[in-house]
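Note: the block below is structure.txt and it holds compact mmCIF, C-alpha atoms.
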# COMPACT_ATOMS: atom_id res chain seq x y z
CA MET A 1 55.16 123.88 91.90
CA THR A 2 55.24 122.39 88.42
CA LYS A 3 52.28 120.75 86.75
CA ARG A 4 53.91 117.32 86.97
CA THR A 5 54.42 117.66 90.74
CA ALA A 6 50.87 118.85 91.28
CA LYS A 7 49.51 115.98 89.22
CA ALA A 8 51.56 113.46 91.18
CA GLN A 9 50.32 114.88 94.49
CA ARG A 10 46.71 114.71 93.29
CA THR A 11 47.22 111.11 92.18
CA GLN A 12 48.62 110.12 95.57
CA ALA A 13 45.87 111.93 97.41
CA GLU A 14 43.17 110.34 95.28
CA SER A 15 44.52 106.83 95.75
CA GLY A 16 44.52 107.17 99.55
CA ALA A 17 46.62 104.03 99.94
CA GLY A 18 49.57 105.82 101.56
CA PRO A 19 48.05 106.86 104.95
CA GLU A 20 46.08 103.62 105.33
CA LEU A 21 49.18 101.52 104.64
CA ALA A 22 51.19 103.55 107.15
CA HIS A 23 48.53 102.99 109.85
CA LEU A 24 48.62 99.26 109.16
CA VAL A 25 52.43 99.00 109.25
CA GLU A 26 53.03 101.17 112.34
CA PRO A 27 51.82 98.60 114.92
CA MET A 28 53.78 95.88 113.18
CA LEU A 29 57.02 97.90 113.31
CA ALA A 30 56.43 98.84 116.94
CA GLY A 31 55.84 95.22 117.86
CA MET A 32 58.99 94.12 116.04
CA THR A 33 61.03 96.76 117.89
CA ILE A 34 59.66 95.76 121.29
CA THR A 35 60.21 92.09 120.52
CA ARG A 36 63.80 92.78 119.52
CA HIS A 37 64.51 94.66 122.78
CA HIS A 38 62.92 91.91 124.88
CA LEU A 39 64.81 89.20 123.00
CA LEU A 40 68.11 91.05 123.44
CA ALA A 41 67.46 91.54 127.17
CA TRP A 42 66.63 87.83 127.49
CA VAL A 43 69.87 86.87 125.72
CA HIS A 44 71.90 89.21 127.94
CA ALA A 45 70.32 87.90 131.13
CA HIS A 46 70.77 84.21 130.28
CA GLY A 47 74.27 84.74 128.90
CA LEU A 48 75.47 86.51 132.05
CA ALA A 49 73.75 83.92 134.24
CA ALA A 50 75.55 81.13 132.36
CA LEU A 51 78.83 83.02 132.80
CA ASP A 52 78.25 83.32 136.56
CA GLU A 53 77.52 79.60 136.75
CA LEU A 54 80.72 78.84 134.83
CA PHE A 55 82.74 80.94 137.28
CA ARG A 56 81.24 79.14 140.27
CA GLU A 57 81.95 75.71 138.77
CA GLU A 58 85.56 76.61 138.12
CA ALA A 59 85.95 77.97 141.67
CA VAL A 60 84.53 74.70 143.07
CA ALA A 61 86.90 72.70 140.86
CA LEU A 62 89.87 74.59 142.32
CA ALA A 63 88.87 75.02 145.97
CA GLY A 64 86.19 72.37 146.45
CA SER A 65 82.67 72.87 147.77
CA ARG A 66 82.02 75.54 150.35
CA GLY A 67 81.52 74.46 153.98
CA ARG A 68 83.16 71.06 153.60
CA HIS A 69 86.41 70.16 155.31
CA GLN A 70 89.12 68.87 152.99
CA VAL A 71 92.53 67.85 154.30
CA GLN A 72 94.30 68.07 150.93
CA ARG A 73 92.79 71.41 149.96
CA THR A 74 95.19 73.54 147.88
CA HIS A 75 92.94 76.60 147.43
CA HIS A 76 90.42 78.54 149.49
CA HIS A 77 87.32 80.49 148.54
CA TRP A 78 87.97 84.18 149.15
CA GLY A 79 84.69 85.99 148.51
CA THR A 80 83.92 87.81 145.27
CA THR A 81 85.34 90.74 143.35
CA ALA A 82 84.40 92.87 140.36
CA THR A 83 85.88 91.98 136.98
CA GLU A 84 85.54 93.65 133.57
CA LEU A 85 85.00 91.45 130.53
CA THR A 86 84.40 92.22 126.86
CA PHE A 87 80.72 91.84 126.04
CA GLY A 88 78.82 93.36 123.12
CA GLY A 89 81.52 95.82 122.09
CA ARG A 90 82.07 97.29 125.58
CA ARG A 91 83.59 96.38 128.95
CA VAL A 92 80.93 94.96 131.29
CA GLN A 93 81.54 94.70 135.05
CA ILE A 94 80.45 91.43 136.65
CA ARG A 95 81.09 89.72 139.98
CA ARG A 96 83.27 86.63 140.05
CA PRO A 97 84.44 84.38 142.91
CA ARG A 98 87.95 84.82 144.24
CA VAL A 99 90.17 81.80 144.87
CA ARG A 100 93.50 81.97 146.69
CA GLY A 101 96.10 79.28 147.20
CA THR A 102 96.91 77.91 150.62
CA THR A 103 100.49 79.14 150.22
CA GLY A 104 99.30 82.60 149.19
CA GLY A 105 98.69 84.25 145.88
CA GLU A 106 95.59 84.81 143.75
CA ALA A 107 94.47 82.00 141.47
CA THR A 108 93.03 83.07 138.11
CA LEU A 109 90.03 81.17 136.82
CA PRO A 110 90.61 79.72 133.33
CA SER A 111 87.53 81.34 131.81
CA VAL A 112 88.44 84.73 133.32
CA ALA A 113 91.88 84.53 131.70
CA VAL A 114 90.20 83.92 128.34
CA PHE A 115 87.56 86.63 128.63
CA ARG A 116 90.02 89.25 129.86
CA GLY A 117 91.57 89.59 126.43
CA ARG A 118 90.99 93.06 124.99
CA ASP A 119 91.59 92.04 121.41
CA PRO A 120 87.89 91.30 120.71
CA LEU A 121 87.01 94.78 121.93
CA THR A 122 89.65 96.44 119.76
CA ALA A 123 88.63 94.35 116.77
CA ARG A 124 85.01 95.41 117.22
CA MET A 125 86.03 99.07 117.43
CA MET A 126 88.16 98.86 114.31
CA GLN A 127 85.38 97.08 112.43
CA GLN A 128 82.89 99.82 113.32
CA LEU A 129 85.28 102.66 112.46
CA LEU A 130 86.25 101.15 109.11
CA ALA A 131 82.55 100.83 108.32
CA GLY A 132 82.23 104.62 108.70
CA VAL A 133 81.00 104.92 112.29
CA SER A 134 82.54 107.90 114.07
CA MET A 135 83.83 107.67 117.61
CA ARG A 136 81.12 109.97 118.83
CA HIS A 137 78.47 107.57 117.55
CA TYR A 138 80.22 104.32 118.46
CA GLU A 139 78.03 103.90 121.54
CA ASP A 140 74.89 104.34 119.43
CA SER A 141 76.01 101.64 116.97
CA LEU A 142 76.17 98.96 119.68
CA GLU A 143 73.39 96.81 121.02
CA ALA A 144 71.64 97.82 124.20
CA ARG A 145 73.80 97.39 127.27
CA PRO A 146 72.92 94.69 129.81
CA SER A 147 70.51 96.02 132.42
CA GLY A 148 71.82 96.32 135.96
CA ARG A 149 75.48 96.07 134.95
CA ARG A 150 78.08 98.81 134.95
CA THR A 151 79.80 99.23 131.59
CA ARG A 152 82.62 101.35 130.21
CA GLY A 153 84.94 101.52 127.22
CA SER A 154 82.37 102.74 124.70
CA SER A 155 82.68 106.51 125.12
CA LYS A 156 84.36 108.55 122.41
CA SER A 157 87.41 109.22 124.62
CA ALA A 158 87.87 105.54 125.49
CA VAL A 159 87.48 104.50 121.87
CA SER A 160 89.95 107.17 120.80
CA ARG A 161 92.59 106.03 123.27
CA THR A 162 92.14 102.37 122.36
CA VAL A 163 92.33 102.94 118.61
CA VAL A 164 95.32 105.28 118.88
CA ARG A 165 97.20 102.73 120.98
CA ARG A 166 96.35 99.84 118.67
CA THR A 167 97.06 101.69 115.41
CA ARG A 168 100.37 102.92 116.77
CA GLN A 169 101.35 99.32 117.46
CA ARG A 170 100.11 98.13 114.07
CA LEU A 171 101.95 100.98 112.35
CA HIS A 172 105.19 100.39 114.24
CA GLU A 173 105.46 96.72 113.32
CA PRO A 174 105.64 97.03 109.49
CA LEU A 175 107.79 100.18 109.63
CA THR A 176 110.50 98.54 111.71
CA ARG A 177 110.58 94.99 110.34
CA ARG A 178 113.63 93.72 108.51
CA LEU A 179 113.55 93.56 104.72
CA GLU A 180 116.29 91.06 103.89
CA GLY A 181 113.99 88.40 102.47
CA LEU A 182 112.24 90.59 99.89
CA GLU A 183 113.14 90.35 96.22
CA VAL A 184 112.06 93.84 95.14
CA VAL A 185 112.03 94.58 91.41
CA ALA A 186 110.28 97.97 91.50
CA LEU A 187 109.64 100.82 93.92
CA PHE A 188 106.65 103.16 93.77
CA MET A 189 107.04 106.47 95.61
CA ASP A 190 104.43 109.17 96.00
CA GLY A 191 103.30 111.78 98.50
CA VAL A 192 99.91 112.26 100.12
CA VAL A 193 98.77 115.29 102.09
CA VAL A 194 97.38 114.35 105.51
CA ALA A 195 96.26 117.17 107.80
CA GLN A 196 98.41 119.73 105.96
CA GLN A 197 101.44 117.45 106.24
CA THR A 198 103.03 115.60 103.34
CA VAL A 199 103.58 111.88 103.90
CA ILE A 200 105.93 110.07 101.51
CA VAL A 201 104.88 106.45 100.94
CA VAL A 202 107.05 103.71 99.41
CA LEU A 203 105.47 100.60 97.93
CA GLY A 204 107.56 97.68 96.72
CA ILE A 205 106.73 95.11 94.04
CA THR A 206 108.35 91.74 94.60
CA ARG A 207 109.38 89.25 91.94
CA ASP A 208 106.16 87.26 92.34
CA GLY A 209 104.01 90.41 91.95
CA THR A 210 103.16 91.02 95.61
CA LYS A 211 102.62 94.61 96.73
CA VAL A 212 104.43 95.33 100.01
CA PRO A 213 104.26 98.73 101.79
CA LEU A 214 107.86 99.35 102.82
CA GLY A 215 107.82 102.62 104.69
CA LEU A 216 106.57 106.15 105.07
CA ARG A 217 107.93 109.42 106.35
CA GLY A 218 106.14 112.65 107.19
CA GLY A 219 107.34 116.18 106.55
CA SER A 220 106.18 119.67 105.74
CA THR A 221 106.70 119.23 101.99
CA GLU A 222 107.85 116.61 99.50
CA ASN A 223 111.46 117.73 99.84
CA ALA A 224 114.71 115.90 99.20
CA VAL A 225 115.67 115.71 102.89
CA VAL A 226 112.59 113.70 103.88
CA CYS A 227 112.86 111.42 100.85
CA THR A 228 116.55 110.81 101.49
CA GLU A 229 115.91 109.85 105.11
CA LEU A 230 113.18 107.44 104.01
CA LEU A 231 115.39 105.71 101.43
CA GLN A 232 118.30 105.48 103.86
CA ASP A 233 115.99 103.92 106.44
CA LEU A 234 114.96 101.25 103.91
CA LEU A 235 118.60 100.41 103.21
CA ALA A 236 119.39 100.33 106.94
CA ARG A 237 116.58 97.81 107.44
CA GLY A 238 118.25 95.50 104.92
CA LEU A 239 116.34 96.15 101.69
CA PRO A 240 118.17 94.07 99.06
CA LEU A 241 118.70 95.86 95.75
CA ASP A 242 120.60 93.38 93.60
CA GLY A 243 121.15 94.98 90.23
CA ARG A 244 119.06 97.83 88.93
CA VAL A 245 115.56 98.54 90.22
CA LEU A 246 112.73 100.39 88.51
CA CYS A 247 111.58 103.45 90.51
CA VAL A 248 108.22 104.93 89.54
CA ILE A 249 107.68 108.48 90.85
CA ASP A 250 105.31 111.34 90.18
CA GLY A 251 107.99 113.71 88.90
CA GLY A 252 108.70 115.59 92.13
CA LYS A 253 112.17 117.10 92.24
CA GLY A 254 112.69 116.03 95.84
CA LEU A 255 112.02 112.38 95.04
CA ARG A 256 114.21 112.52 91.94
CA LYS A 257 117.14 114.05 93.80
CA ALA A 258 116.85 111.62 96.73
CA LEU A 259 116.88 108.60 94.40
CA GLY A 260 119.98 109.90 92.68
CA ASP A 261 121.79 110.62 95.94
CA VAL A 262 120.95 107.36 97.73
CA LEU A 263 120.63 104.74 94.97
CA GLY A 264 122.69 106.35 92.25
CA ASP A 265 122.83 104.38 88.99
CA THR A 266 120.91 101.51 90.59
CA ALA A 267 117.64 103.44 90.21
CA VAL A 268 115.97 103.36 86.79
CA ILE A 269 113.55 106.29 86.89
CA GLN A 270 110.10 106.10 85.34
CA ARG A 271 108.05 109.27 85.69
CA CYS A 272 104.31 108.86 85.93
CA GLN A 273 102.64 109.49 82.60
CA LEU A 274 99.34 110.23 84.29
CA HIS A 275 100.86 113.04 86.37
CA LYS A 276 102.41 114.48 83.21
CA GLY A 277 98.96 114.65 81.61
CA ARG A 278 97.50 116.36 84.66
CA ASN A 279 100.26 118.95 84.61
CA LEU A 280 99.55 119.72 80.96
CA ASP A 281 95.81 120.05 81.65
CA ALA A 282 96.61 122.82 84.11
CA LEU A 283 98.72 124.71 81.53
CA VAL A 284 96.46 124.64 78.45
CA PRO A 285 92.97 126.08 78.02
CA LYS A 286 89.99 123.81 78.42
CA SER A 287 89.18 123.87 74.72
CA ARG A 288 92.50 122.19 73.86
CA GLN A 289 92.80 119.76 76.78
CA ALA A 290 91.12 116.92 74.90
CA TYR A 291 93.51 117.26 71.95
CA VAL A 292 96.57 117.34 74.21
CA ARG A 293 95.41 114.30 76.21
CA ALA A 294 94.76 112.34 72.99
CA ALA A 295 98.22 113.24 71.65
CA LEU A 296 99.86 112.13 74.89
CA ARG A 297 97.92 108.88 74.90
CA ARG A 298 98.98 108.07 71.33
CA ALA A 299 102.61 108.83 72.12
CA TYR A 300 102.74 106.71 75.27
CA GLN A 301 101.03 103.81 73.46
CA ALA A 302 103.53 103.85 70.61
CA ALA A 303 105.33 100.69 69.59
CA SER A 304 108.82 102.01 70.40
CA ALA A 305 110.50 104.76 72.35
CA THR A 306 111.71 106.40 69.12
CA MET A 307 108.17 106.84 67.78
CA ALA A 308 106.93 108.12 71.15
CA ARG A 309 109.80 110.64 71.36
CA ARG A 310 109.01 111.90 67.86
CA GLN A 311 105.31 112.38 68.68
CA LEU A 312 106.03 114.15 71.98
CA THR A 313 108.50 116.49 70.30
CA ALA A 314 105.87 117.33 67.67
CA LEU A 315 103.34 118.01 70.43
CA ALA A 316 105.77 120.37 72.20
CA THR A 317 106.40 122.21 68.93
CA TRP A 318 102.65 122.56 68.31
CA LEU A 319 102.08 123.92 71.80
CA GLU A 320 104.89 126.43 71.40
CA ARG A 321 103.57 127.66 68.06
CA ASN A 322 100.09 128.17 69.53
CA GLY A 323 101.31 130.33 72.40
CA HIS A 324 101.60 127.71 75.17
CA ALA A 325 105.30 127.96 75.93
CA ASP A 326 104.89 126.73 79.51
CA ALA A 327 103.08 123.60 78.35
CA ALA A 328 105.76 122.96 75.72
CA THR A 329 108.46 123.25 78.39
CA SER A 330 106.54 120.82 80.58
CA VAL A 331 106.41 118.26 77.75
CA ARG A 332 110.16 118.49 77.14
CA GLU A 333 110.99 118.39 80.86
CA GLY A 334 111.68 114.80 81.88
CA LEU A 335 110.64 113.49 78.46
CA GLU A 336 113.13 110.61 78.44
CA GLU A 337 112.14 109.46 81.93
CA THR A 338 108.50 109.14 80.90
CA LEU A 339 109.56 106.66 78.18
CA THR A 340 111.59 104.30 80.38
CA VAL A 341 109.05 101.46 80.19
CA LEU A 342 109.13 101.72 76.39
CA LYS A 343 112.92 101.46 76.38
CA LEU A 344 112.81 98.32 78.54
CA GLY A 345 110.73 96.54 75.90
CA ARG A 346 108.29 94.90 78.28
CA PRO A 347 104.89 93.44 77.26
CA PRO A 348 102.03 95.94 76.92
CA ARG A 349 100.37 94.81 80.15
CA LEU A 350 103.49 95.31 82.26
CA ARG A 351 104.27 98.53 80.42
CA ARG A 352 100.85 99.92 81.29
CA PHE A 353 101.23 98.88 84.94
CA PHE A 354 104.66 100.44 85.49
CA ALA A 355 103.97 103.61 83.47
CA THR A 356 101.94 105.31 86.21
CA THR A 357 101.76 105.50 90.00
CA ASN A 358 98.20 104.14 90.04
CA CYS A 359 99.46 101.17 92.04
CA ILE A 360 100.40 103.33 95.02
CA GLU A 361 97.53 105.79 94.51
CA ASN A 362 95.16 102.89 95.13
CA LEU A 363 96.79 102.49 98.54
CA ILE A 364 96.55 106.23 99.17
CA ASP A 365 92.86 106.30 98.20
CA THR A 366 92.23 103.52 100.70
CA LEU A 367 93.98 105.61 103.36
CA ARG A 368 91.82 108.63 102.51
CA HIS A 369 88.66 106.52 102.67
CA VAL A 370 89.53 104.99 106.02
CA THR A 371 90.50 108.34 107.60
CA ARG A 372 87.66 110.35 106.08
CA ASN A 373 85.99 110.93 109.48
CA ILE A 374 89.11 112.17 111.25
CA LYS A 375 89.05 115.90 111.94
CA ARG A 376 91.91 116.30 114.41
CA TRP A 377 95.43 114.97 114.13
CA TYR A 378 98.43 115.12 116.41
CA PHE A 379 102.00 115.35 115.15
CA ARG A 380 104.86 114.36 117.43
CA GLU A 381 108.58 114.43 116.72
CA ASN A 382 107.97 115.19 113.05
CA ARG A 383 106.24 111.84 112.60
CA TYR A 384 102.53 111.64 112.16
CA THR A 385 100.71 109.52 114.72
CA ARG A 386 97.01 109.16 114.44
CA GLY A 387 94.91 111.01 116.96
CA PHE A 388 91.44 109.60 116.30
CA PHE A 389 88.69 111.84 117.61
CA SER A 390 85.08 112.43 116.79
CA SER A 391 84.16 112.82 113.15
CA LYS A 392 81.95 115.76 114.02
CA SER A 393 83.25 119.00 115.44
CA SER A 394 82.39 119.38 119.11
CA PRO A 395 79.43 121.67 119.84
CA PRO A 396 80.44 125.16 120.95
CA GLY A 397 80.14 125.69 124.63
CA ARG A 398 81.43 122.63 126.47
CA SER A 399 85.06 121.95 125.70
CA GLN A 400 85.67 125.54 124.62
CA ASP A 401 84.16 126.94 127.80
CA ARG A 402 86.06 124.47 129.92
CA ASN A 403 89.35 125.55 128.39
CA ARG A 404 88.40 129.20 128.54
CA ARG A 405 88.28 129.13 132.34
CA HIS A 406 92.01 128.53 132.53
CA ARG A 407 92.83 131.00 129.78
CA PRO A 408 93.45 134.63 130.84
CA SER A 409 91.43 137.20 129.03
CA ARG A 410 92.98 139.93 126.90
CA LEU A 411 92.21 142.52 129.56
CA GLN A 412 94.00 140.50 132.26
CA THR A 413 96.99 140.03 130.00
CA ALA A 414 97.13 143.75 129.23
CA CYS A 415 96.87 144.72 132.91
CA ARG A 416 99.70 142.47 134.09
CA PRO A 417 102.69 144.38 135.47
CA VAL A 418 105.56 144.54 133.07
CA ARG A 419 108.69 142.90 134.44
CA ARG A 420 111.54 145.36 134.27
CA PHE A 421 115.00 144.09 133.61
CA SER A 422 118.09 146.04 134.70
CA VAL A 423 120.44 146.55 131.81
CA SER A 424 123.97 147.38 132.75
CA ARG A 425 125.49 150.12 130.71
CA PRO A 426 128.88 149.53 129.18
CA VAL A 427 131.74 151.34 130.89
CA CYS A 428 133.32 153.82 128.57
CA PRO A 429 137.11 153.67 128.43
CA PRO A 430 138.98 156.76 129.64
CA ALA A 431 139.78 159.37 127.06
CA PRO A 432 143.34 159.35 125.85
CA ALA A 433 145.59 162.02 127.33

Let me see the file written as structure tokens.
Amino acid sequence: MTKRTAKAQRTQAESGAGPELAHLVEPMLAGMTITRHHLLAWVHAHGLAALDELFREEAVALAGSRGRHQVQRTHHHWGTTATELTFGGRRVQIRRPRVRGTTGGEATLPSVAVFRGRDPLTARMMQQLLAGVSMRHYEDSLEARPSGRRTRGSSKSAVSRTVVRRTRQRLHEPLTRRLEGLEVVALFMDGVVVAQQTVIVVLGITRDGTKVPLGLRGGSTENAVVCTELLQDLLARGLPLDGRVLCVIDGGKGLRKALGDVLGDTAVIQRCQLHKGRNLDALVPKSRQAYVRAALRRAYQAASATMARRQLTALATWLERNGHADAATSVREGLEETLTVLKLGRPPRLRRFFATTNCIENLIDTLRHVTRNIKRWYFRENRYTRGFFSSKSSPPGRSQDRNRRHRPSRLQTACRPVRRFSVSRPVCPPAPA
């Protein structure tokens, strides 16, 4: 313990205000908590009572009052039945009156048809998960459930199934929509690693400056086959590419080859200058990284492509003379494609925007932030679909023991009888006479 810590502890002990203040605040906090629980229970009780009254009024409006003879009656009261409605982020089971027509068939109450919608429940789940609540703790993040009512839909398994179904639908819609009406002037392509799988993302910039995610494709690596399939899918969906289009990539060979094979001379390649700097940082010692970054920054901020080419060539020569041949080769590799925005002669603001893949990396960072609690993923048919599970690993003993019952032990596997297969021997031809 340092002298400063000891002095602070003595000062707090001498003041004596801490324990006395805690004793004064404790009853107040306890009273506020009890009041909140009572108020919530009162709201639940009166809200469900009002809902029951609404159901009864609608049943009377359809079938008339009970016990009264009506010649022109079109519906009959038919007892009650259990119905699940969305309430407080979960499905709550309540009793509602049944009404059937005189000609047969169940009549749905108008309010029941409105409350049966599951969209509010899914919206509440997505709101909680995007706020950082894991599926395991979704139940704890909700208000207290109504007393005396059966509820469901708030367990981690139910939340997982609901979110997987909804995200699959939301993901399918933008990836299959037609693209005829878009006036795309630039394409940003980059890869992100998700659960040890590489996902190629394409982001389009329209003529009015709108960012539109166009498609994605998952694969084992950022290879040319996956990138080619993704670009061909965009063209099959009607992506209009009138004239030449600027394609900003991170310098991957698979992306470069796919753009050349699919788009040909239509693609104007701009390699990310930020990725080039990161590659050089990995090839030079730490003591010279600041100098190399400053030289790259001056070259990329030059007034013309000729000046930038001259400065980059001088940097490669300096690196080669100082024993960094790999870094010099990296500077010369793709040098002209890193200066495309300078050759186009655009204003400095547009040149800075299209010189890097920061535009699409912002989208990828949002994806990483949203999926930060996901620990288990499922991959089907070489396309990644999101299997949302608990953000915490399950405690050892329950699920593992349950699966272990149906799994044979090593001793049982070793003691199984070996199935013998009869192998027919080839018939030798007769010896020549």

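With only C-alpha atoms as the atoms that count, the residue of A:Leu319, A:Asn279, A:Asn358, A:Arg168 with the shortest distance to Phe188 of chain A is A:Asn358.
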
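Interatomic distance, atom CA of Gly79 of chain A against atom CA of Val92 of chain A: 19.8 Å.
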
Under the rule that only C-alpha atoms are counted, which of A:Glu320, A:Glu180, A:Asp52, A:Glu222 is the nearest residue to Arg256 of chain A? A:Glu222

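Contact shell of Thr221 of chain A at 12 Å (only C-alpha atoms; same-chain neighbours under 3 positions omitted): A:Asp190, A:Gly191, A:Val192, A:Val193, A:Val194, A:Gln196, A:Gln197, A:Thr198, A:Val199, A:Ile200, A:Arg217, A:Gly218, A:Ala224, A:Val225, A:Val226, A:Cys227, A:Gly252, A:Lys253, A:Gly254, A:Leu255, A:Asn382.
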
Pick from A:Arg207, A:Gln273, A:Tyr300, A:Arg152 nearest to Pro348 of chain A, counting all atoms listed in the file: A:Tyr300

Here is a test: counting only C-alpha atoms, which residue of A:His46, A:His77, A:Lys257, A:Lys211 is nearest to Ser65 of chain A? A:His77

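In terms of minimum interatomic distance to Glu57 of chain A, A:Pro97 ranks closest within A:Val71, A:Pro97, A:Arg149, A:Trp78, counting all atoms listed in the file.
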
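Counting all atoms listed in the file, the residue from A:Leu312, A:Met135, A:Ile360, A:Leu179 that sits nearest to Ser160 of chain A is A:Met135.
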
I want to know what sits within 12 Å of segment 169-176 of chain A, based on only C-alpha atoms, with residues of the same chain fewer than 6 positions away left out; could you give that as a JSON list (two decimals) with C-alpha atoms, keeping the file's coordinate frame?
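In the end it all went to result.json:
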[["chain", "number", "residue", "atom", "x", "y", "z"],
["A", 126, "MET", "CA", 88.16, 98.86, 114.31],
["A", 162, "THR", "CA", 92.14, 102.37, 122.36],
["A", 163, "VAL", "CA", 92.33, 102.94, 118.61],
["A", 201, "VAL", "CA", 104.88, 106.45, 100.94],
["A", 202, "VAL", "CA", 107.05, 103.71, 99.41],
["A", 203, "LEU", "CA", 105.47, 100.60, 97.93],
["A", 212, "VAL", "CA", 104.43, 95.33, 100.01],
["A", 213, "PRO", "CA", 104.26, 98.73, 101.79],
["A", 214, "LEU", "CA", 107.86, 99.35, 102.82],
["A", 215, "GLY", "CA", 107.82, 102.62, 104.69],
["A", 216, "LEU", "CA", 106.57, 106.15, 105.07],
["A", 217, "ARG", "CA", 107.93, 109.42, 106.35],
["A", 230, "LEU", "CA", 113.18, 107.44, 104.01],
["A", 233, "ASP", "CA", 115.99, 103.92, 106.44],
["A", 234, "LEU", "CA", 114.96, 101.25, 103.91],
["A", 235, "LEU", "CA", 118.60, 100.41, 103.21],
["A", 236, "ALA", "CA", 119.39, 100.33, 106.94],
["A", 237, "ARG", "CA", 116.58, 97.81, 107.44],
["A", 238, "GLY", "CA", 118.25, 95.50, 104.92],
["A", 239, "LEU", "CA", 116.34, 96.15, 101.69],
["A", 383, "ARG", "CA", 106.24, 111.84, 112.60],
["A", 384, "TYR", "CA", 102.53, 111.64, 112.16],
["A", 385, "THR", "CA", 100.71, 109.52, 114.72],
["A", 386, "ARG", "CA", 97.01, 109.16, 114.44]]

Just to confirm, what's the straight-line distance from atom CA of Ala131 of chain A to atom CA of Val370 of chain A in Å (one decimal)? 8.4 Å

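For the pair atom CA of Ala303 of chain A and atom CA of Leu350 of chain A, the interatomic distance is 13.9 Å.
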